[in-house]
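Source file: target29.txt (compact mmCIF, C-alpha atoms)
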```txt
# COMPACT_ATOMS: atom_id res chain seq x y z
CA MET C 1 115.76 -42.83 -109.81
CA PRO C 2 115.85 -45.00 -106.66
CA LEU C 3 117.26 -43.34 -103.57
CA SER C 4 120.57 -44.48 -102.24
CA PRO C 5 120.55 -46.10 -98.80
CA THR C 6 122.19 -42.99 -97.33
CA ARG C 7 119.65 -40.58 -98.88
CA ARG C 8 116.75 -42.90 -97.92
CA SER C 9 117.97 -42.97 -94.33
CA ARG C 10 118.20 -39.17 -94.21
CA ARG C 11 114.69 -38.85 -95.66
CA ASN C 12 113.26 -41.27 -93.10
CA ARG C 13 114.92 -39.41 -90.25
CA HIS C 14 113.49 -36.12 -91.58
CA ILE C 15 109.99 -37.59 -91.85
CA GLY C 16 110.31 -39.04 -88.36
CA ALA C 17 111.44 -35.70 -86.95
CA VAL C 18 108.52 -33.91 -88.59
CA GLY C 19 106.14 -36.53 -87.17
CA VAL C 20 107.53 -36.10 -83.67
CA ALA C 21 107.28 -32.32 -83.97
CA LEU C 22 103.66 -32.53 -85.10
CA ALA C 23 102.84 -34.95 -82.28
CA LEU C 24 104.45 -32.68 -79.71
CA THR C 25 102.57 -29.69 -81.11
CA ALA C 26 99.27 -31.56 -80.94
CA SER C 27 100.05 -32.66 -77.42
CA ALA C 28 100.89 -29.11 -76.39
CA VAL C 29 97.64 -27.83 -77.85
CA ALA C 30 95.66 -30.57 -76.11
CA THR C 31 97.40 -29.81 -72.84
CA ALA C 32 97.03 -26.05 -73.17
CA THR C 33 93.34 -26.08 -73.98
CA PRO C 34 92.05 -27.14 -70.52
CA ALA C 35 94.54 -24.81 -68.84
CA ASN C 36 93.41 -21.89 -70.99
CA ALA C 37 89.79 -22.81 -70.38
CA ALA C 38 90.41 -22.87 -66.63
CA ALA C 39 92.24 -19.54 -66.86
CA ASP C 40 89.13 -18.04 -68.44
CA LEU C 41 87.05 -18.82 -65.34
CA ARG C 42 86.74 -16.92 -62.09
CA GLU C 43 86.01 -18.42 -58.69
CA VAL C 44 83.01 -16.76 -57.04
CA MET C 45 80.25 -17.43 -54.54
CA PHE C 46 76.58 -17.80 -55.38
CA VAL C 47 74.21 -16.41 -52.73
CA GLY C 48 70.59 -17.51 -53.11
CA ASN C 49 68.07 -14.84 -52.11
CA ASN C 50 65.19 -17.21 -51.41
CA TRP C 51 62.26 -14.84 -51.06
CA GLU C 52 63.39 -12.54 -53.87
CA GLY C 53 64.15 -15.09 -56.58
CA THR C 54 67.64 -13.82 -57.33
CA ALA C 55 71.20 -15.03 -56.81
CA ASP C 56 73.93 -12.55 -56.02
CA VAL C 57 77.41 -13.38 -57.27
CA ILE C 58 80.21 -12.18 -55.00
CA LYS C 59 83.96 -12.63 -54.83
CA ALA C 60 84.97 -15.94 -53.26
CA SER C 61 87.49 -14.40 -50.85
CA GLY C 62 89.10 -11.10 -49.88
CA ASP C 63 86.50 -8.35 -49.60
CA PHE C 64 83.71 -10.61 -51.00
CA ALA C 65 82.52 -7.68 -53.12
CA LYS C 66 79.43 -8.10 -55.27
CA ILE C 67 80.11 -8.88 -58.93
CA GLY C 68 76.65 -9.34 -60.43
CA ARG C 69 73.16 -10.75 -60.00
CA VAL C 70 71.08 -13.41 -61.77
CA ASN C 71 67.29 -13.53 -61.91
CA VAL C 72 66.56 -17.20 -61.21
CA ILE C 73 62.82 -16.97 -61.94
CA PRO C 74 62.76 -15.45 -65.46
CA ASP C 75 59.88 -17.82 -66.24
CA LYS C 76 57.81 -16.80 -63.22
CA ASP C 77 54.72 -15.82 -65.24
CA ALA C 78 54.64 -19.18 -67.03
CA ARG C 79 55.13 -21.14 -63.82
CA MET C 80 52.44 -19.17 -61.98
CA ALA C 81 50.00 -19.71 -64.85
CA GLU C 82 50.52 -23.47 -64.51
CA ILE C 83 50.07 -23.35 -60.75
CA ASN C 84 46.93 -21.23 -60.92
CA ALA C 85 45.41 -23.62 -63.46
CA ASP C 86 45.89 -26.66 -61.21
CA PRO C 87 44.01 -26.60 -57.85
CA ILE C 88 46.25 -29.24 -56.27
CA ARG C 89 49.44 -27.45 -57.26
CA TRP C 90 47.97 -24.13 -56.08
CA ILE C 91 47.24 -25.62 -52.66
CA ALA C 92 50.80 -27.00 -52.46
CA PHE C 93 52.24 -23.64 -53.53
CA MET C 94 50.26 -21.77 -50.88
CA THR C 95 51.15 -24.37 -48.23
CA ILE C 96 54.85 -23.75 -48.87
CA ARG C 97 54.29 -20.00 -48.64
CA ASN C 98 52.41 -20.20 -45.35
CA SER C 99 54.55 -22.85 -43.64
CA VAL C 100 58.26 -23.30 -44.40
CA GLY C 101 58.24 -20.05 -46.39
CA GLU C 102 57.23 -18.02 -43.32
CA GLY C 103 54.64 -16.17 -45.41
CA HIS C 104 56.89 -15.85 -48.47
CA ASP C 105 57.39 -17.83 -51.65
CA GLN C 106 60.60 -19.89 -51.83
CA PHE C 107 62.19 -19.20 -55.19
CA VAL C 108 65.76 -20.41 -54.70
CA ASP C 109 67.12 -22.99 -52.31
CA ASP C 110 70.40 -24.22 -53.73
CA MET C 111 72.77 -23.35 -56.60
CA TYR C 112 75.85 -24.70 -58.35
CA SER C 113 77.78 -23.85 -61.50
CA THR C 114 78.41 -26.15 -64.42
CA PRO C 115 82.07 -27.23 -64.86
CA ASP C 116 82.62 -24.75 -67.69
CA GLY C 117 81.12 -21.88 -65.69
CA SER C 118 78.58 -21.09 -68.40
CA SER C 119 75.46 -21.86 -66.38
CA MET C 120 73.97 -21.78 -62.89
CA VAL C 121 71.87 -24.76 -61.78
CA VAL C 122 69.17 -23.80 -59.26
CA SER C 123 66.62 -25.70 -57.17
CA ARG C 124 63.39 -23.72 -56.76
CA PRO C 125 61.19 -24.98 -53.88
CA SER C 126 57.93 -23.21 -54.71
CA PHE C 127 58.14 -24.20 -58.37
CA ALA C 128 59.12 -27.82 -57.53
CA ASP C 129 61.88 -27.87 -60.10
CA VAL C 130 65.54 -27.51 -60.99
CA VAL C 131 66.61 -25.17 -63.79
CA SER C 132 69.83 -24.39 -65.58
CA ILE C 133 70.30 -20.70 -66.36
CA ASP C 134 72.83 -19.30 -68.85
CA VAL C 135 74.82 -16.78 -66.80
CA ARG C 136 75.57 -14.63 -69.87
CA THR C 137 72.02 -14.29 -71.19
CA GLY C 138 69.87 -15.15 -68.17
CA ALA C 139 67.89 -17.60 -70.32
CA ILE C 140 66.81 -21.04 -69.10
CA ASN C 141 68.72 -23.91 -70.71
CA TRP C 142 66.64 -26.73 -69.25
CA ARG C 143 64.07 -27.43 -66.55
CA PHE C 144 63.47 -30.62 -64.55
CA ALA C 145 60.27 -31.02 -62.51
CA VAL C 146 60.91 -33.02 -59.32
CA SER C 147 58.49 -35.57 -57.92
CA GLY C 148 55.98 -34.08 -55.52
CA TYR C 149 55.58 -30.38 -54.89
CA ARG C 150 58.86 -29.00 -53.53
CA ALA C 151 62.56 -29.02 -54.44
CA ASP C 152 65.20 -28.61 -51.72
CA HIS C 153 68.94 -29.03 -51.10
CA MET C 154 71.32 -30.17 -53.84
CA ALA C 155 74.86 -31.55 -54.12
CA VAL C 156 77.26 -31.81 -57.04
CA SER C 157 79.45 -34.84 -57.71
CA PRO C 158 83.22 -34.34 -57.27
CA ASP C 159 83.73 -34.39 -61.06
CA GLY C 160 81.07 -31.69 -61.47
CA LYS C 161 79.03 -33.73 -63.94
CA ARG C 162 75.97 -34.65 -61.86
CA VAL C 163 73.70 -32.83 -59.47
CA ALA C 164 71.56 -34.52 -56.81
CA VAL C 165 68.39 -32.75 -55.66
CA SER C 166 65.99 -33.60 -52.84
CA ALA C 167 62.31 -33.73 -53.77
CA SER C 168 61.10 -33.03 -50.26
CA THR C 169 57.46 -34.09 -50.62
CA GLY C 170 58.27 -36.90 -53.04
CA ASN C 171 60.72 -38.60 -50.62
CA THR C 172 63.10 -38.97 -53.53
CA VAL C 173 66.55 -37.80 -54.56
CA HIS C 174 66.88 -37.20 -58.30
CA VAL C 175 70.36 -37.29 -59.84
CA LEU C 176 70.66 -35.26 -63.03
CA ASP C 177 73.24 -34.70 -65.75
CA ILE C 178 74.29 -31.15 -64.93
CA VAL C 179 74.69 -30.14 -68.60
CA THR C 180 71.54 -31.67 -70.11
CA GLY C 181 69.20 -31.86 -67.11
CA LYS C 182 68.37 -35.47 -67.93
CA GLN C 183 67.82 -37.80 -64.98
CA VAL C 184 70.51 -40.45 -64.71
CA GLY C 185 69.02 -42.09 -61.63
CA SER C 186 67.08 -41.65 -58.40
CA PHE C 187 66.56 -43.27 -55.03
CA LYS C 188 63.98 -43.25 -52.24
CA THR C 189 64.64 -41.69 -48.84
CA GLY C 190 62.94 -41.08 -45.52
CA ASP C 191 60.34 -38.34 -45.07
CA LYS C 192 61.33 -34.89 -46.34
CA PRO C 193 64.83 -35.46 -47.77
CA HIS C 194 67.02 -32.44 -47.06
CA GLU C 195 70.82 -32.34 -47.13
CA ASN C 196 72.78 -34.31 -49.78
CA ILE C 197 76.52 -35.01 -49.67
CA PHE C 198 78.65 -36.89 -52.22
CA THR C 199 81.64 -38.74 -50.78
CA LYS C 200 84.88 -37.30 -52.15
CA ASP C 201 85.49 -40.36 -54.35
CA GLY C 202 82.06 -39.85 -55.92
CA LYS C 203 80.93 -43.38 -55.10
CA TYR C 204 78.16 -42.64 -52.60
CA ILE C 205 75.48 -40.08 -51.84
CA TRP C 206 74.43 -39.46 -48.24
CA ASN C 207 70.93 -38.04 -47.83
CA MET C 208 69.48 -36.72 -44.58
CA ALA C 209 65.67 -36.88 -44.27
CA ILE C 210 64.40 -34.45 -41.60
CA GLY C 211 60.69 -35.30 -41.43
CA ASP C 212 57.95 -32.73 -40.86
CA VAL C 213 59.45 -29.47 -39.62
CA ASN C 214 56.40 -27.25 -40.09
CA THR C 215 54.05 -28.87 -37.58
CA GLN C 216 53.42 -27.70 -34.01
CA THR C 217 53.85 -31.17 -32.50
CA ASP C 218 57.32 -30.27 -31.26
CA ALA C 219 57.28 -31.63 -27.70
CA PRO C 220 59.64 -34.59 -27.15
CA TRP C 221 56.75 -36.96 -26.35
CA LEU C 222 55.23 -36.12 -29.78
CA ASP C 223 58.47 -36.79 -31.63
CA TRP C 224 56.95 -39.86 -33.28
CA THR C 225 54.59 -37.59 -35.28
CA LYS C 226 57.50 -36.04 -37.20
CA GLY C 227 57.83 -38.91 -39.67
CA ASP C 228 60.56 -41.26 -40.85
CA ARG C 229 63.85 -39.44 -40.27
CA LYS C 230 66.95 -41.27 -41.36
CA ILE C 231 70.18 -41.06 -43.31
CA THR C 232 70.08 -42.99 -46.58
CA VAL C 233 73.42 -43.89 -48.17
CA ALA C 234 73.03 -44.74 -51.86
CA ASP C 235 75.44 -46.03 -54.49
CA ALA C 236 76.02 -43.10 -56.87
CA THR C 237 76.28 -45.42 -59.89
CA THR C 238 73.51 -47.96 -59.34
CA PHE C 239 71.40 -45.73 -57.04
CA GLN C 240 70.74 -48.73 -54.83
CA GLN C 241 70.45 -48.24 -51.08
CA VAL C 242 73.70 -49.23 -49.35
CA LYS C 243 72.96 -48.32 -45.74
CA VAL C 244 70.32 -46.68 -43.56
CA ILE C 245 71.27 -44.89 -40.34
CA ASP C 246 68.59 -43.88 -37.84
CA MET C 247 70.09 -41.59 -35.22
CA ARG C 248 67.23 -42.33 -32.82
CA ALA C 249 68.91 -45.47 -31.51
CA ARG C 250 72.32 -43.77 -31.38
CA LEU C 251 70.94 -40.85 -29.37
CA ASP C 252 69.04 -43.17 -27.04
CA ALA C 253 72.25 -45.12 -26.43
CA ILE C 254 73.92 -42.04 -24.91
CA GLY C 255 70.89 -41.01 -22.86
CA LEU C 256 69.54 -38.34 -25.20
CA GLY C 257 66.08 -39.73 -25.80
CA ASP C 258 64.52 -36.25 -25.73
CA TYR C 259 66.70 -35.03 -28.59
CA SER C 260 65.41 -35.02 -32.15
CA ASP C 261 66.96 -37.44 -34.64
CA ALA C 262 66.25 -35.12 -37.60
CA VAL C 263 69.74 -34.63 -39.04
CA ARG C 264 70.11 -31.15 -40.54
CA PRO C 265 73.31 -29.71 -42.11
CA ALA C 266 76.29 -32.03 -41.84
CA ALA C 267 79.95 -32.23 -42.82
CA PHE C 268 82.48 -35.03 -43.14
CA SER C 269 85.97 -34.85 -41.69
CA PRO C 270 88.61 -34.68 -44.46
CA ASP C 271 89.30 -38.44 -44.16
CA GLU C 272 85.54 -39.16 -44.02
CA THR C 273 85.82 -41.20 -40.83
CA LYS C 274 83.65 -38.75 -38.85
CA LEU C 275 80.38 -36.99 -39.59
CA TYR C 276 79.49 -33.78 -37.76
CA PHE C 277 75.81 -32.88 -37.79
CA GLN C 278 73.08 -30.69 -36.31
CA VAL C 279 69.58 -31.85 -35.37
CA SER C 280 66.26 -30.08 -34.94
CA PHE C 281 65.75 -28.00 -31.77
CA PHE C 282 69.33 -28.38 -30.50
CA ASN C 283 71.82 -25.55 -29.92
CA GLY C 284 74.88 -27.59 -30.76
CA PHE C 285 76.06 -30.53 -32.83
CA PHE C 286 77.26 -34.14 -32.68
CA GLU C 287 80.28 -36.12 -33.82
CA TYR C 288 79.49 -39.53 -35.30
CA ASP C 289 82.13 -42.22 -35.89
CA ILE C 290 81.25 -44.02 -39.09
CA ALA C 291 83.29 -47.19 -38.48
CA THR C 292 81.90 -47.85 -35.00
CA ASP C 293 78.43 -46.50 -35.84
CA LYS C 294 78.33 -44.43 -32.65
CA ILE C 295 77.90 -40.81 -31.60
CA THR C 296 81.26 -40.13 -29.99
CA ARG C 297 80.96 -36.50 -28.84
CA THR C 298 78.23 -33.97 -28.12
CA LYS C 299 78.80 -30.24 -28.21
CA THR C 300 76.27 -27.90 -26.61
CA LEU C 301 76.72 -24.28 -27.64
CA PRO C 302 75.61 -21.23 -25.65
CA LYS C 303 72.03 -20.01 -25.66
CA SER C 304 71.51 -16.35 -26.35
CA PRO C 305 69.70 -14.33 -23.66
CA GLY C 306 66.09 -13.67 -24.46
CA VAL C 307 65.71 -16.60 -26.86
CA SER C 308 62.80 -18.79 -25.81
CA ASP C 309 63.31 -22.51 -25.33
CA GLU C 310 59.76 -23.06 -26.57
CA ARG C 311 60.28 -25.34 -29.56
CA THR C 312 57.26 -24.06 -31.47
CA THR C 313 59.00 -20.67 -31.78
CA PHE C 314 61.95 -22.10 -33.74
CA VAL C 315 61.90 -21.46 -37.49
CA ASN C 316 61.19 -24.79 -39.22
CA ASP C 317 62.37 -26.62 -36.08
CA SER C 318 65.85 -25.14 -36.47
CA ARG C 319 67.64 -23.97 -33.34
CA HIS C 320 70.98 -24.05 -35.18
CA HIS C 321 71.16 -24.54 -38.96
CA GLY C 322 74.47 -24.27 -40.78
CA LEU C 323 77.69 -26.24 -40.31
CA THR C 324 80.86 -26.33 -42.36
CA MET C 325 84.46 -27.46 -41.87
CA LYS C 326 87.77 -25.80 -42.66
CA PRO C 327 89.46 -27.79 -45.46
CA ASP C 328 92.28 -28.98 -43.18
CA GLY C 329 89.74 -30.36 -40.71
CA THR C 330 90.91 -28.30 -37.73
CA LYS C 331 87.89 -25.99 -37.32
CA LEU C 332 84.12 -26.09 -37.63
CA CYS C 333 81.92 -23.07 -38.27
CA ILE C 334 78.43 -23.12 -36.80
CA ALA C 335 75.42 -20.94 -37.63
CA GLY C 336 73.28 -20.41 -34.53
CA THR C 337 70.06 -19.58 -36.35
CA MET C 338 67.68 -18.78 -33.49
CA ASP C 339 70.48 -17.54 -31.22
CA ASP C 340 71.66 -14.92 -33.75
CA TYR C 341 75.34 -15.76 -33.75
CA ALA C 342 77.96 -17.74 -35.62
CA THR C 343 81.06 -19.23 -34.08
CA VAL C 344 84.22 -21.10 -35.03
CA VAL C 345 84.79 -24.28 -33.01
CA ASP C 346 88.12 -26.04 -32.55
CA ARG C 347 87.55 -29.60 -33.74
CA ALA C 348 90.04 -31.21 -31.37
CA THR C 349 88.75 -29.61 -28.17
CA LEU C 350 85.24 -28.58 -29.28
CA GLN C 351 85.89 -25.20 -27.67
CA GLU C 352 83.98 -22.42 -29.36
CA GLY C 353 85.53 -19.07 -30.21
CA PRO C 354 83.90 -15.64 -30.05
CA LEU C 355 80.14 -15.58 -30.62
CA VAL C 356 79.91 -13.31 -33.66
CA PRO C 357 76.56 -11.46 -33.70
CA VAL C 358 74.65 -12.19 -36.91
CA SER C 359 70.96 -12.03 -37.73
CA LYS C 360 69.14 -15.34 -38.26
CA PRO C 361 72.07 -17.12 -39.94
CA TYR C 362 70.79 -19.85 -42.20
CA TRP C 363 73.93 -21.41 -43.68
CA SER C 364 77.70 -21.48 -43.44
CA THR C 365 80.29 -22.43 -46.01
CA VAL C 366 84.02 -22.08 -46.67
CA SER C 367 85.47 -19.26 -48.76
CA GLY C 368 87.34 -20.04 -51.95
CA ASP C 369 90.74 -19.64 -50.30
CA GLY C 370 89.71 -21.76 -47.30
CA LYS C 371 90.56 -19.01 -44.81
CA SER C 372 87.06 -17.81 -43.91
CA CYS C 373 83.66 -19.09 -42.94
CA VAL C 374 80.91 -17.30 -44.87
CA VAL C 375 77.51 -17.11 -43.17
CA SER C 376 74.21 -16.02 -44.73
CA GLU C 377 72.35 -13.56 -42.50
CA SER C 378 68.77 -14.09 -43.60
CA GLY C 379 67.52 -11.58 -41.02
CA ALA C 380 69.78 -8.78 -42.25
CA ASP C 381 69.99 -9.53 -45.98
CA GLN C 382 73.75 -9.84 -46.01
CA VAL C 383 76.55 -12.39 -45.87
CA THR C 384 79.31 -12.16 -43.29
CA ALA C 385 82.83 -13.57 -43.41
CA ILE C 386 84.48 -14.86 -40.23
CA ASP C 387 88.20 -15.56 -40.10
CA PHE C 388 88.90 -19.18 -39.18
CA ALA C 389 92.20 -18.24 -37.50
CA THR C 390 90.80 -15.62 -35.12
CA GLY C 391 87.10 -16.47 -35.05
CA LYS C 392 86.33 -12.80 -35.67
CA LYS C 393 84.20 -11.10 -38.31
CA THR C 394 86.12 -9.52 -41.18
CA VAL C 395 83.45 -8.12 -43.51
CA SER C 396 79.73 -8.10 -44.32
CA VAL C 397 78.27 -7.65 -47.81
CA ALA C 398 74.69 -6.64 -48.61
CA VAL C 399 72.70 -9.07 -50.78
CA GLY C 400 69.02 -9.65 -51.62
CA ASP C 401 65.93 -10.66 -49.66
CA HIS C 402 66.45 -13.58 -47.27
CA PRO C 403 69.77 -15.13 -48.33
CA GLN C 404 70.05 -18.81 -47.48
CA ARG C 405 72.34 -21.17 -49.35
CA VAL C 406 75.86 -19.98 -50.27
CA ARG C 407 78.06 -22.02 -52.61
CA VAL C 408 81.52 -21.61 -54.17
CA ALA C 409 81.15 -21.60 -57.96
CA LYS C 410 82.77 -20.47 -61.21
CA VAL C 411 81.74 -17.95 -63.88
CA PRO C 412 83.53 -16.60 -66.98
CA ALA C 413 86.44 -14.37 -65.97
CA ASP C 414 84.95 -11.25 -67.58
CA TRP C 415 81.39 -11.83 -66.29
CA THR C 416 79.50 -9.02 -64.56
CA GLY C 417 75.90 -10.15 -65.05
CA PRO C 418 73.48 -11.46 -67.71
CA SER C 419 73.09 -9.25 -70.77
CA ALA C 420 69.31 -9.61 -70.41
CA ASN C 421 69.53 -7.75 -67.09
```

Would you mind writing the structure in this file as structure tokens?
Amino acid sequence: MPLSPTRRSRRNRHIGAVGVALALTASAVATATPANAAADLREVMFVGNNWEGTADVIKASGDFAKIGRVNVIPDKDARMAEINADPIRWIAFMTIRNSVGEGHDQFVDDMYSTPDGSSMVVSRPSFADVVSIDVRTGAINWRFAVSGYRADHMAVSPDGKRVAVSASTGNTVHVLDIVTGKQVGSFKTGDKPHENIFTKDGKYIWNMAIGDVNTQTDAPWLDWTKGDRKITVADATTFQQVKVIDMRARLDAIGLGDYSDAVRPAAFSPDETKLYFQVSFFNGFFEYDIATDKITRTKTLPKSPGVSDERTTFVNDSRHHGLTMKPDGTKLCIAGTMDDYATVVDRATLQEGPLVPVSKPYWSTVSGDGKSCVVSESGADQVTAIDFATGKKTVSVAVGDHPQRVRVAKVPADWTGPSAN
């Protein structure tokens, strides 16, 4: 029997209401899923123990207590078998050990987590590769061999999907899909690419090439022997070179011809109008205005008593190595590697705070809550937190042998270490 207009109208309204309810339910599920996924992750810090081949995982703020540890060289036997079977690779391996490695193998330089927190991506200098390691099992997901014979600093894109790694003897930056390990692009750099930084919009990658840091030709008049040191700015989509910046001319313009132009760690101001950077041999840092293409301020930090000014005594040409910025842009935190201190510097005045005694600090980064600077003490096998507000040390936490890079990361909320360990 055909429905009356009134009954048909009621039926249509009922069907429409059911449809709306189903749509709202689907929308709620879709919205809840990412939130639930995020709630299942925990913010931590990865600490790379370079000479040991492990990464300690510590809390990202508060007491920075240790949570677990990952073996980042589970395939060591296989890698060493390959190296020992290839005379050229063996020579390169031993050269790393006896030069930049200070008599030790370099098993972990840099680390990041995948967006879902399931894996740790690690650059391994002595093995000339990048690997992804499952943080639950400790197994390797994928491995990418870089060009040349050494892998170095990395950077992750703002969306967390790509990782850029410096191939320091290949003068190349490889950009990889962080989940699959497949190369999505690459670009050429100056000699010995080092630091990489993505701009916050993800459009560009800045790479700093530092040249040869393991030679003894350290006198200013022999600076030309150190190689092609420059900043290369590349398009992060096309991987084409956008700009090259050689700090030699900028330093010469302000009367600092004896200063090295090898740009080491660097940090952008929050609005990315300024770049703050360290250079080889110098106990201090510079401020560079990007729009005017000029060094606008120079900050010289104190020298520690008893530290020689003889450049050949500096580890890998580093006088100071480690620079980070408080998220609001008001403070900088500097690691004085050879001077055995770290200090918080007011960005407006460039006045340093207390010189916090630390042992051969190799890196500085910002804690997860943005309140502390965390410094790796490679000479004491610990990391130390310094309060940005007071400039004073709050806590030190023991880690493995020769900690260097420290990065904020994410792991599953219930994680305490790989089951394989």

Determine, for each residue of range 104-217 of chain C having at least one atom at most 12 Å from an atom of range 257-261 of chain C, the closest pair of atoms and their separation in Å to one decimal, counting all atoms listed in the file; order by chain and ascending number, as CSV.
```
residue,atom,partner,partner_atom,distance
C:Met208,CA,C:Asp261,CA,10.3
C:Ala209,CA,C:Asp261,CA,9.7
C:Ile210,CA,C:Asp261,CA,8.0
C:Gly211,CA,C:Asp261,CA,9.5
C:Asp212,CA,C:Ser260,CA,11.7
C:Val213,CA,C:Ser260,CA,11.1
```

Limited to C-alpha atoms, could you put the picked residues into a file as a PDB file, keeping the file's coordinate frame?
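Saved the output as again_11.pdb:
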```pdb
ATOM      1  CA  MET C 208      69.480 -36.720 -44.580  1.00  0.00           C
ATOM      2  CA  ALA C 209      65.670 -36.880 -44.270  1.00  0.00           C
ATOM      3  CA  ILE C 210      64.400 -34.450 -41.600  1.00  0.00           C
ATOM      4  CA  GLY C 211      60.690 -35.300 -41.430  1.00  0.00           C
ATOM      5  CA  ASP C 212      57.950 -32.730 -40.860  1.00  0.00           C
ATOM      6  CA  VAL C 213      59.450 -29.470 -39.620  1.00  0.00           C
TER       7      VAL C 213
END
```

Top pick for closest residue to Trp51 in chain C, considering C:Ile73, C:Ala409, C:Ile140, C:Val163 and counting all atoms listed in the file
C:Ile73

Selected residue of minimal separation from His402 in chain C among C:Phe93, C:Phe268, C:Tyr362, C:Phe187, counting all atoms listed in the file:
C:Tyr362

So that I can check the surroundings of Ser367 in chain C, please list as a list in words every protein, DNA and RNA residue that reaches within 6 Å of it, counting all atoms listed in the file and ignoring chain neighbours fewer than 4 positions away.
Ala60, Ser61 and Ser372 of chain C

Go ahead and save the residues from that selection, with C-alpha atoms, as a PDB file, in the frame of the given file.
```pdb
ATOM      1  CA  ALA C  60      84.970 -15.940 -53.260  1.00  0.00           C
ATOM      2  CA  SER C  61      87.490 -14.400 -50.850  1.00  0.00           C
ATOM      3  CA  SER C 372      87.060 -17.810 -43.910  1.00  0.00           C
TER       4      SER C 372
END
```

Using only C-alpha atoms, the residue out of C:Ile245, C:Val131, C:Ala151, C:Ile96 with shortest distance to Val72 in chain C is C:Val131

If I only have part of range 147-158 of chain C, can you fill in N, CA, C and O atoms and write it as a short mmCIF file (atom, residue, chain, number, x, y, z; two decimals), keeping the file's coordinate frame?
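Result file out.cif:
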```
data_model
loop_
_atom_site.label_atom_id
_atom_site.label_comp_id
_atom_site.auth_asym_id
_atom_site.auth_seq_id
_atom_site.Cartn_x
_atom_site.Cartn_y
_atom_site.Cartn_z
N SER C 147 59.69 -34.89 -58.38
CA SER C 147 58.49 -35.57 -57.92
C SER C 147 57.92 -34.82 -56.72
O SER C 147 58.66 -34.26 -55.92
N GLY C 148 56.61 -34.81 -56.61
CA GLY C 148 55.98 -34.08 -55.52
C GLY C 148 55.86 -32.60 -55.82
O GLY C 148 55.81 -32.18 -56.97
N TYR C 149 55.92 -31.79 -54.74
CA TYR C 149 55.58 -30.38 -54.89
C TYR C 149 56.63 -29.41 -54.36
O TYR C 149 56.37 -28.21 -54.27
N ARG C 150 57.84 -29.91 -54.05
CA ARG C 150 58.86 -29.00 -53.53
C ARG C 150 60.26 -29.55 -53.78
O ARG C 150 60.53 -30.71 -53.51
N ALA C 151 61.15 -28.68 -54.28
CA ALA C 151 62.56 -29.02 -54.44
C ALA C 151 63.36 -28.41 -53.30
O ALA C 151 63.01 -27.36 -52.77
N ASP C 152 64.47 -29.07 -52.91
CA ASP C 152 65.20 -28.61 -51.72
C ASP C 152 66.70 -28.63 -51.99
O ASP C 152 67.15 -28.28 -53.08
N HIS C 153 67.48 -29.08 -51.00
CA HIS C 153 68.94 -29.03 -51.10
C HIS C 153 69.47 -29.86 -52.27
O HIS C 153 68.89 -30.88 -52.64
N MET C 154 70.65 -29.43 -52.77
CA MET C 154 71.32 -30.17 -53.84
C MET C 154 72.76 -30.49 -53.42
O MET C 154 73.25 -30.04 -52.39
N ALA C 155 73.42 -31.29 -54.25
CA ALA C 155 74.86 -31.55 -54.12
C ALA C 155 75.38 -31.88 -55.50
O ALA C 155 74.66 -32.43 -56.33
N VAL C 156 76.63 -31.53 -55.75
CA VAL C 156 77.26 -31.81 -57.04
C VAL C 156 78.35 -32.86 -56.85
O VAL C 156 79.09 -32.82 -55.86
N SER C 157 78.44 -33.79 -57.78
CA SER C 157 79.45 -34.84 -57.71
C SER C 157 80.85 -34.22 -57.80
O SER C 157 81.02 -33.13 -58.35
N PRO C 158 81.86 -34.89 -57.26
CA PRO C 158 83.22 -34.34 -57.27
C PRO C 158 83.73 -33.99 -58.67
O PRO C 158 84.52 -33.05 -58.81
#
```
